[in-house]
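The next block is data-v3.cif, given as mmCIF, C-alpha atoms and all ligand atoms.
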```
data_my_file
loop_
_atom_site.label_atom_id
_atom_site.label_comp_id
_atom_site.auth_asym_id
_atom_site.auth_seq_id
_atom_site.Cartn_x
_atom_site.Cartn_y
_atom_site.Cartn_z
CA MET A 966 20.01 5.73 11.62
CA LYS A 967 21.26 9.25 11.30
CA LYS A 968 20.69 11.36 14.35
CA LEU A 969 18.80 14.53 13.64
CA ASP A 970 20.71 17.74 14.19
CA ARG A 971 17.74 19.77 15.33
CA ARG A 972 19.52 23.11 15.20
CA ASP A 973 20.84 22.51 11.70
CA PHE A 974 17.45 21.31 10.51
CA PHE A 975 15.74 24.41 11.88
CA ALA A 976 18.40 26.58 10.28
CA THR A 977 17.77 25.04 6.86
CA LEU A 978 14.15 26.08 7.20
CA GLY A 979 14.92 29.63 8.23
CA GLY A 980 15.06 29.24 11.99
CA ALA A 981 12.77 28.29 14.85
CA ALA A 982 10.36 31.14 14.17
CA ALA A 983 10.03 30.03 10.57
CA VAL A 984 9.35 26.46 11.64
CA ALA A 985 6.66 27.68 14.02
CA ALA A 986 4.98 29.50 11.14
CA MET A 987 4.85 26.40 8.90
CA THR A 988 1.90 24.05 8.75
CA HIS A 989 2.53 20.69 10.35
CA GLU A 990 2.32 18.92 7.03
CA ALA A 991 4.89 21.29 5.55
CA ARG A 992 7.17 20.63 8.52
CA ALA A 993 6.85 16.90 8.10
CA ASP A 994 7.69 17.13 4.42
CA ALA A 995 10.65 19.37 5.17
CA LEU A 996 11.91 16.93 7.77
CA GLU A 997 11.63 14.05 5.33
CA ARG A 998 13.56 16.00 2.71
CA TYR A 999 16.22 16.91 5.24
CA MET A 1000 16.75 13.31 6.27
CA MET A 1001 16.64 12.16 2.65
CA ALA A 1002 19.35 14.61 1.63
CA ALA A 1003 21.45 13.59 4.60
CA ALA A 1004 21.18 9.98 3.43
CA ALA A 1005 22.05 10.94 -0.16
CA GLY A 1006 25.34 12.47 0.99
CA PRO A 1007 27.09 15.82 0.96
CA ALA A 1008 26.44 16.57 -2.73
CA ALA A 1009 22.70 16.66 -2.13
CA ALA A 1010 22.71 17.98 1.41
CA GLY A 1011 22.60 21.61 0.40
CA SER A 1012 19.01 21.25 -0.70
CA ALA A 1013 18.00 19.34 2.37
CA GLY A 1014 15.51 21.63 3.94
CA SER A 1015 14.37 23.29 0.74
CA ALA A 1016 14.77 26.66 2.37
CA PRO A 1017 13.61 29.63 0.37
CA PRO A 1018 16.29 30.44 -2.20
CA GLY A 1019 18.25 33.50 -1.25
CA SER A 1020 17.74 33.03 2.46
CA SER A 1021 20.69 32.44 4.72
CA ALA A 1022 19.14 29.07 5.43
CA SER A 1023 19.55 27.90 1.84
CA ALA A 1024 23.31 28.26 2.28
CA GLY A 1025 23.09 25.58 4.96
CA ALA A 1026 24.52 27.94 7.56
CA GLY A 1027 23.73 26.23 10.81
CA ASN A 1028 25.35 28.86 12.98
CA LYS A 1029 23.84 32.05 11.60
CA PRO A 1030 21.29 33.83 13.74
CA PHE A 1031 17.71 32.80 13.14
CA PRO A 1032 15.55 35.26 11.22
CA THR A 1033 12.31 36.52 12.70
CA THR A 1034 8.94 35.21 11.53
CA ALA A 1035 8.33 38.45 9.68
CA GLU A 1036 11.65 38.13 7.84
CA VAL A 1037 10.86 34.60 6.81
CA GLU A 1038 7.35 35.48 5.68
CA ALA A 1039 8.81 38.30 3.61
CA GLN A 1040 11.10 35.76 1.92
CA ILE A 1041 8.15 33.96 0.35
CA GLU A 1042 7.53 36.82 -2.02
CA THR A 1043 11.18 37.49 -2.77
CA SER A 1044 11.92 33.97 -3.93
CA PRO A 1045 11.38 32.70 -7.47
CA LYS A 1046 10.89 29.18 -6.12
CA ARG A 1047 8.30 27.62 -3.87
CA TRP A 1048 9.16 24.96 -1.33
CA GLY A 1049 7.12 22.30 -3.07
CA VAL A 1050 9.20 22.46 -6.25
CA GLY A 1051 10.79 19.18 -7.42
CA ASN A 1052 14.49 18.42 -7.00
CA LEU A 1053 15.21 18.49 -10.72
CA PHE A 1054 13.84 21.99 -11.13
CA THR A 1055 16.07 23.80 -8.73
CA ALA A 1056 19.69 23.77 -7.57
CA PRO A 1057 20.73 23.57 -3.92
CA ASN A 1058 23.37 26.19 -4.60
CA GLY A 1059 24.15 28.19 -7.73
CA ASN A 1060 22.88 27.07 -11.09
CA VAL A 1061 21.36 23.79 -12.16
CA LYS A 1062 23.62 21.34 -14.02
CA ARG A 1063 23.18 19.77 -17.43
CA LEU A 1064 21.57 16.38 -17.16
CA PRO A 1065 22.89 13.25 -18.86
CA PRO A 1066 20.87 12.24 -21.94
CA MET A 1067 18.15 9.63 -21.57
CA PRO A 1068 17.84 6.61 -23.89
CA ALA A 1069 15.12 6.78 -26.57
CA LYS A 1070 12.96 4.22 -24.76
CA PRO A 1071 13.73 4.78 -21.10
CA THR A 1072 12.97 2.14 -18.50
CA LEU A 1073 12.28 2.58 -14.81
CA ILE A 1074 15.89 1.59 -14.17
CA ASP A 1075 17.11 4.34 -16.53
CA TYR A 1076 15.09 6.87 -14.53
CA PHE A 1077 16.59 5.59 -11.31
CA LYS A 1078 20.12 5.89 -12.67
CA LEU A 1079 19.78 9.16 -14.59
CA ARG A 1080 17.04 11.22 -12.96
CA PHE A 1081 16.15 10.00 -9.44
CA VAL A 1082 19.45 11.28 -8.13
CA GLN A 1083 18.35 12.78 -4.84
CA THR A 1084 15.63 10.31 -3.96
CA SER A 1085 17.07 6.98 -5.06
CA ASN A 1086 19.24 6.13 -2.08
CA HIS A 1087 16.51 6.81 0.45
CA CYS A 1088 14.06 4.73 -1.58
CA LEU A 1089 16.59 1.91 -2.02
CA GLN A 1090 17.23 1.88 1.72
CA SER A 1091 13.53 1.72 2.39
CA ALA A 1092 13.01 -1.16 -0.08
CA ASN A 1093 16.07 -2.91 1.32
CA ARG A 1094 14.58 -2.77 4.79
CA ALA A 1095 11.24 -4.06 3.54
CA MET A 1096 13.04 -6.95 1.86
CA LYS A 1097 14.97 -7.80 5.03
CA ASN A 1098 11.73 -7.67 6.99
CA GLY A 1099 10.22 -10.26 4.65
CA MET A 1100 7.56 -8.00 3.16
CA SER A 1101 5.57 -8.87 0.04
CA GLU A 1102 6.95 -7.92 -3.36
CA GLU A 1103 4.24 -5.28 -3.70
CA ILE A 1104 5.29 -3.58 -0.48
CA ILE A 1105 8.97 -3.77 -1.44
CA LEU A 1106 8.13 -2.16 -4.78
CA ALA A 1107 6.00 0.52 -3.09
CA CYS A 1108 8.93 1.34 -0.81
CA LEU A 1109 11.26 1.50 -3.80
CA LEU A 1110 9.01 3.99 -5.61
CA HIS A 1111 7.35 5.89 -2.78
CA ASP A 1112 9.28 9.20 -2.85
CA THR A 1113 10.72 9.24 -6.37
CA VAL A 1114 8.16 11.74 -7.67
CA GLN A 1115 9.85 14.36 -5.49
CA GLU A 1116 12.23 14.83 -8.40
CA LEU A 1117 9.21 16.35 -10.18
CA ILE A 1118 7.19 17.85 -7.34
CA LYS A 1119 7.31 17.64 -3.57
CA VAL A 1120 4.01 19.03 -2.36
CA ASP A 1121 1.51 16.22 -1.69
CA HIS A 1122 4.07 13.73 -2.96
CA GLY A 1123 2.14 10.62 -1.91
CA TRP A 1124 -0.73 11.45 -4.23
CA TRP A 1125 1.48 12.59 -7.11
CA SER A 1126 3.70 9.55 -6.88
CA ALA A 1127 0.81 7.10 -6.87
CA GLN A 1128 -0.67 8.77 -9.92
CA MET A 1129 2.59 8.62 -11.84
CA TYR A 1130 2.90 4.87 -11.26
CA GLU A 1131 -0.77 3.96 -11.68
CA PRO A 1132 -0.60 2.50 -15.23
CA TYR A 1133 2.42 0.33 -14.44
CA VAL A 1134 1.85 -1.30 -11.06
CA SER A 1135 -0.98 -3.02 -9.21
CA PRO A 1136 -3.67 -0.97 -7.39
CA LYS A 1137 -2.25 -2.25 -4.10
CA VAL A 1138 1.11 -0.68 -4.84
CA THR A 1139 -0.40 2.70 -5.69
CA PHE A 1140 -2.60 2.50 -2.58
CA ALA A 1141 0.53 1.99 -0.49
CA ILE A 1142 2.38 4.85 -2.16
CA ARG A 1143 -0.52 7.32 -2.08
CA TYR A 1144 -1.35 6.93 1.60
CA HIS A 1145 2.07 6.59 3.20
CA GLN A 1146 2.10 10.38 3.29
CA ALA A 1147 -0.86 10.55 5.68
CA LEU A 1148 -0.11 7.48 7.79
CA ARG A 1149 3.23 8.82 9.01
CA PHE A 1150 1.38 10.78 11.67
CA TYR A 1151 -0.67 7.98 13.20
CA GLU A 1152 0.72 5.44 15.59
CA ASP A 1153 0.09 1.73 15.17
CA LYS A 1154 2.18 -0.13 17.72
CA GLU A 1155 0.51 -3.42 16.89
CA HIS A 1156 2.06 -3.31 13.45
CA GLY A 1157 5.37 -1.85 14.51
CA TYR A 1158 4.81 1.83 13.94
CA GLU A 1159 5.29 4.10 16.88
CA TYR A 1160 4.72 7.77 16.48
CA PRO A 1161 8.34 8.82 16.17
CA ASP A 1162 9.97 10.70 19.01
CA LEU A 1163 11.57 12.67 16.24
CA TYR A 1164 8.18 14.13 15.29
CA ARG A 1165 7.30 14.68 18.93
CA ARG A 1166 10.43 16.70 19.40
CA MET A 1167 9.92 18.62 16.20
CA TYR A 1168 6.19 19.34 16.40
CA GLY A 1169 5.40 19.25 20.10
CA SER A 1170 2.85 17.12 21.85
CA ASP A 1171 -0.10 19.21 20.64
CA TYR A 1172 0.52 18.34 17.00
CA LYS A 1173 -2.62 17.86 14.94
CA PRO A 1174 -2.56 16.92 11.25
CA GLU A 1175 -4.44 19.04 8.74
CA PRO A 1176 -8.08 18.03 8.11
CA TYR A 1177 -7.49 16.36 4.73
CA ILE A 1178 -4.77 14.21 6.27
CA GLU A 1179 -7.03 13.28 9.19
CA GLN A 1180 -9.88 12.40 6.81
CA THR A 1181 -7.53 10.28 4.72
CA TRP A 1182 -6.38 8.43 7.85
CA GLN A 1183 -9.95 7.73 8.89
CA MET A 1184 -10.66 6.21 5.50
CA VAL A 1185 -7.43 4.22 5.17
CA ARG A 1186 -7.45 2.77 8.68
CA LYS A 1187 -10.69 0.91 7.91
CA HIS A 1188 -9.65 -0.16 4.45
CA LYS A 1189 -8.88 -3.81 3.66
CA TRP A 1190 -5.50 -2.70 2.28
CA TYR A 1191 -4.57 -0.65 5.32
CA LEU A 1192 -1.39 -2.62 5.92
CA GLU A 1193 0.07 -1.77 2.52
CA PRO A 1194 0.75 1.94 3.20
CA ARG A 1195 1.32 1.16 6.88
CA MET A 1196 4.24 -1.08 5.95
CA VAL A 1197 5.69 1.67 3.78
CA THR A 1198 5.75 3.94 6.83
CA VAL A 1199 7.26 1.20 8.99
CA ASN A 1200 10.12 0.71 6.54
CA ASP A 1201 10.33 4.38 5.61
CA LEU A 1202 10.89 5.69 9.11
CA TYR A 1203 14.25 4.02 9.51
CA ALA A 1204 15.38 4.43 5.95
CA PHE A 1205 17.74 7.33 6.47
CA GLU A 1206 21.07 5.68 6.99
CA PRO A 1207 23.97 7.72 5.60
CA ASN A 1208 26.36 4.82 5.03
CA VAL A 1209 23.97 2.24 3.63
CA HIS A 1210 23.85 2.06 -0.16
CA PRO A 1211 21.78 -0.84 -1.43
CA THR A 1212 21.99 -1.41 -5.17
CA LEU A 1213 19.19 -1.28 -7.68
CA GLU A 1214 20.24 -4.69 -9.00
CA GLN A 1215 18.94 -6.18 -5.77
CA PHE A 1216 15.42 -5.28 -6.96
CA THR A 1217 15.68 -6.07 -10.67
CA ASP A 1218 13.64 -9.25 -10.40
CA ILE A 1219 10.90 -7.62 -8.32
CA ILE A 1220 10.68 -4.78 -10.83
CA GLY A 1221 10.55 -7.32 -13.67
CA ARG A 1222 7.68 -9.22 -12.09
CA ASN A 1223 5.65 -6.25 -10.80
CA PHE A 1224 6.32 -3.26 -13.03
CA LYS A 1225 4.76 -3.18 -16.51
CA GLN A 1226 7.50 -1.49 -18.45
CA PRO A 1227 5.96 0.04 -21.61
CA ARG A 1228 7.60 -1.06 -24.85
CA GLU A 1229 7.82 2.52 -26.13
CA GLY A 1230 9.60 3.72 -23.00
CA LEU A 1231 8.27 5.66 -20.00
CA GLY A 1232 7.08 8.99 -21.32
CA PHE A 1233 6.32 7.75 -24.83
CA ASP A 1234 3.54 5.21 -24.35
CA ASN A 1235 0.71 7.72 -24.70
CA SER A 1236 -0.56 6.88 -21.22
CA SER A 1237 -2.41 9.40 -19.08
CA VAL A 1238 0.79 10.05 -17.12
CA ALA A 1239 3.35 10.01 -19.94
CA HIS A 1240 3.80 13.77 -19.60
CA MET A 1241 4.89 13.35 -15.99
CA TRP A 1242 7.69 11.03 -17.06
CA ARG A 1243 8.69 13.34 -19.93
CA SER A 1244 8.83 16.25 -17.49
CA ILE A 1245 11.33 14.29 -15.42
CA ALA A 1246 13.28 13.20 -18.51
CA THR A 1247 13.47 16.68 -20.02
CA PRO A 1248 12.98 19.30 -17.30
CA ASP A 1249 14.89 21.84 -19.40
CA HIS A 1250 12.20 22.12 -22.05
CA PRO A 1251 10.97 25.70 -21.70
CA LEU A 1252 7.31 24.96 -22.50
FE FE A 1301 7.30 10.13 1.66
FE FE A 1302 10.30 8.31 2.46
#
```
The structure in this file should be written as structure tokens.
Ligand SMILES: [Fe+2]
Ligand SMILES: [Fe+2]
Amino acid sequence: MKKLDRRDFFATLGGAAAVAAMTHEARADALERYMMAAAAGPAAAGSAGSAPPGSSASAGAGNKPFPTTAEVEAQIETSPKRWGVGNLFTAPNGNVKRLPPMPAKPTLIDYFKLRFVQTSNHCLQSANRAMKNGMSEEIILACLLHDTVQELIKVDHGWWSAQMYEPYVSPKVTFAIRYHQALRFYEDKEHGYEYPDLYRRMYGSDYKPEPYIEQTWQMVRKHKWYLEPRMVTVNDLYAFEPNVHPTLEQFTDIIGRNFKQPREGLGFDNSSVAHMWRSIATPDHPL
């Protein structure tokens, strides 16, 4: 597992003062993005912390002096981009690049290969770990899909991701995807999830999740499917390994058995979420 460079991570967010000014949920998301980009490799690392564009932090300059809280707060209104924007809609540095064309009837695998560029390796690592740990096919699939929606939008990614996959996978899989976002913050040693020291170091011992996350936890912990999202967090936590690159082919059979690929292609099946897929396929459409 990659060791967190705390100073570099703070720098990508605009410095210690900026981190202190963030909500805990925003910090957790930023940390996840940082680790994900580190796993994806140098090409993606520039966008790791999703620092406000134009800030010294977005240049990945770990050694520059930290800005004050006031300077960071001022950056919010000088940036054209918000931190919750999806990977495809912004460039880590400079301009965005042209995307390769999609086939007329794109499959999930096409999206993985052509659009899930920044999230795929982290998700593959997570699914790989779930497979090695002997998890069910539904949990392996949930791990494989859990963060992919971050190509479209990052804020509240558990909920967005579950919605995007709802017509194509079982309710158990979407339950696992939706609630992994909240369960990250709650220890469950019995099932192999310890509150990570990483979070303790980053957030301090007085960390308290936002009320909607706490309410979600209270609901999920009593739910008969509690273990589904819990297992995503168990396999997610250690899924940031820079030199591990599982292949998608490893999961082809599980996808085939558990993912209802629409005949018309994802984005063109007239489902309630088709527009989400089209937005990932063609993010350059102006309207
Ligand atoms: Fe996540
Ligand atoms: Fe993740």
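A straight line drawn from atom CA of A:Ser1091 to atom CA of A:Pro1207 is 12.5 Å long.
The binding environment of ligand FE 1301 (chain A), defined as every protein, DNA or RNA residue with an atom no more than 7 Å away and counting all atoms listed in the file, comprises Glu997, His1111, Asp1112, His1122, Gly1123, His1145 and Gln1146 of chain A.
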Spatial sel., origin (14.8, 12.8, -22.7), limit 8 Å, only C-alpha atoms, listed as an MDAnalysis selection string = chainID A and resid 1066:1069 1243 1246:1247
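Shortest separation to A:Val1138 among A:Asn1223, A:Thr1072, A:Gln1180, A:Thr1055 occurs at residue A:Asn1223, atoms counted being all atoms listed in the file.
The two atoms in question, atom CA of A:Ile1142 and atom CA of A:Arg1186, are spaced 14.8 Å apart.
Among A:Tyr1158, A:Tyr1177, A:Phe1077, A:Tyr1151, the residue with the shortest atom-to-atom distance to A:Glu1214, counting all atoms listed in the file, is A:Phe1077.
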request  = Considering only C-alpha atoms, return as a ChimeraX atom specification whatever protein or nucleic-acid residues lie within 10 Å of A:Ser1126, sequence-local ones (same chain, fewer than 5 positions apart) excluded.
outcome  = /A:1110-1115,1117-1119,1121,1131,1139,1142-1143,1241
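Pairwise distance (atom CA of A:Asp1201, atom CA of A:Lys1097) equals 13.0 Å.
Candidate residues A:Pro1211, A:Gly1232, A:Pro1194, A:Pro1071 were compared for distance to ligand FE 1302 (chain A), and the nearest is A:Pro1194, using only C-alpha atoms and all ligand atoms.
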note = Min atom-atom distance to A:Phe1081 from the set A:Arg1222, A:Tyr1144, A:Gly1051, A:Lys1187, counting only C-alpha atoms, belongs to A:Gly1051
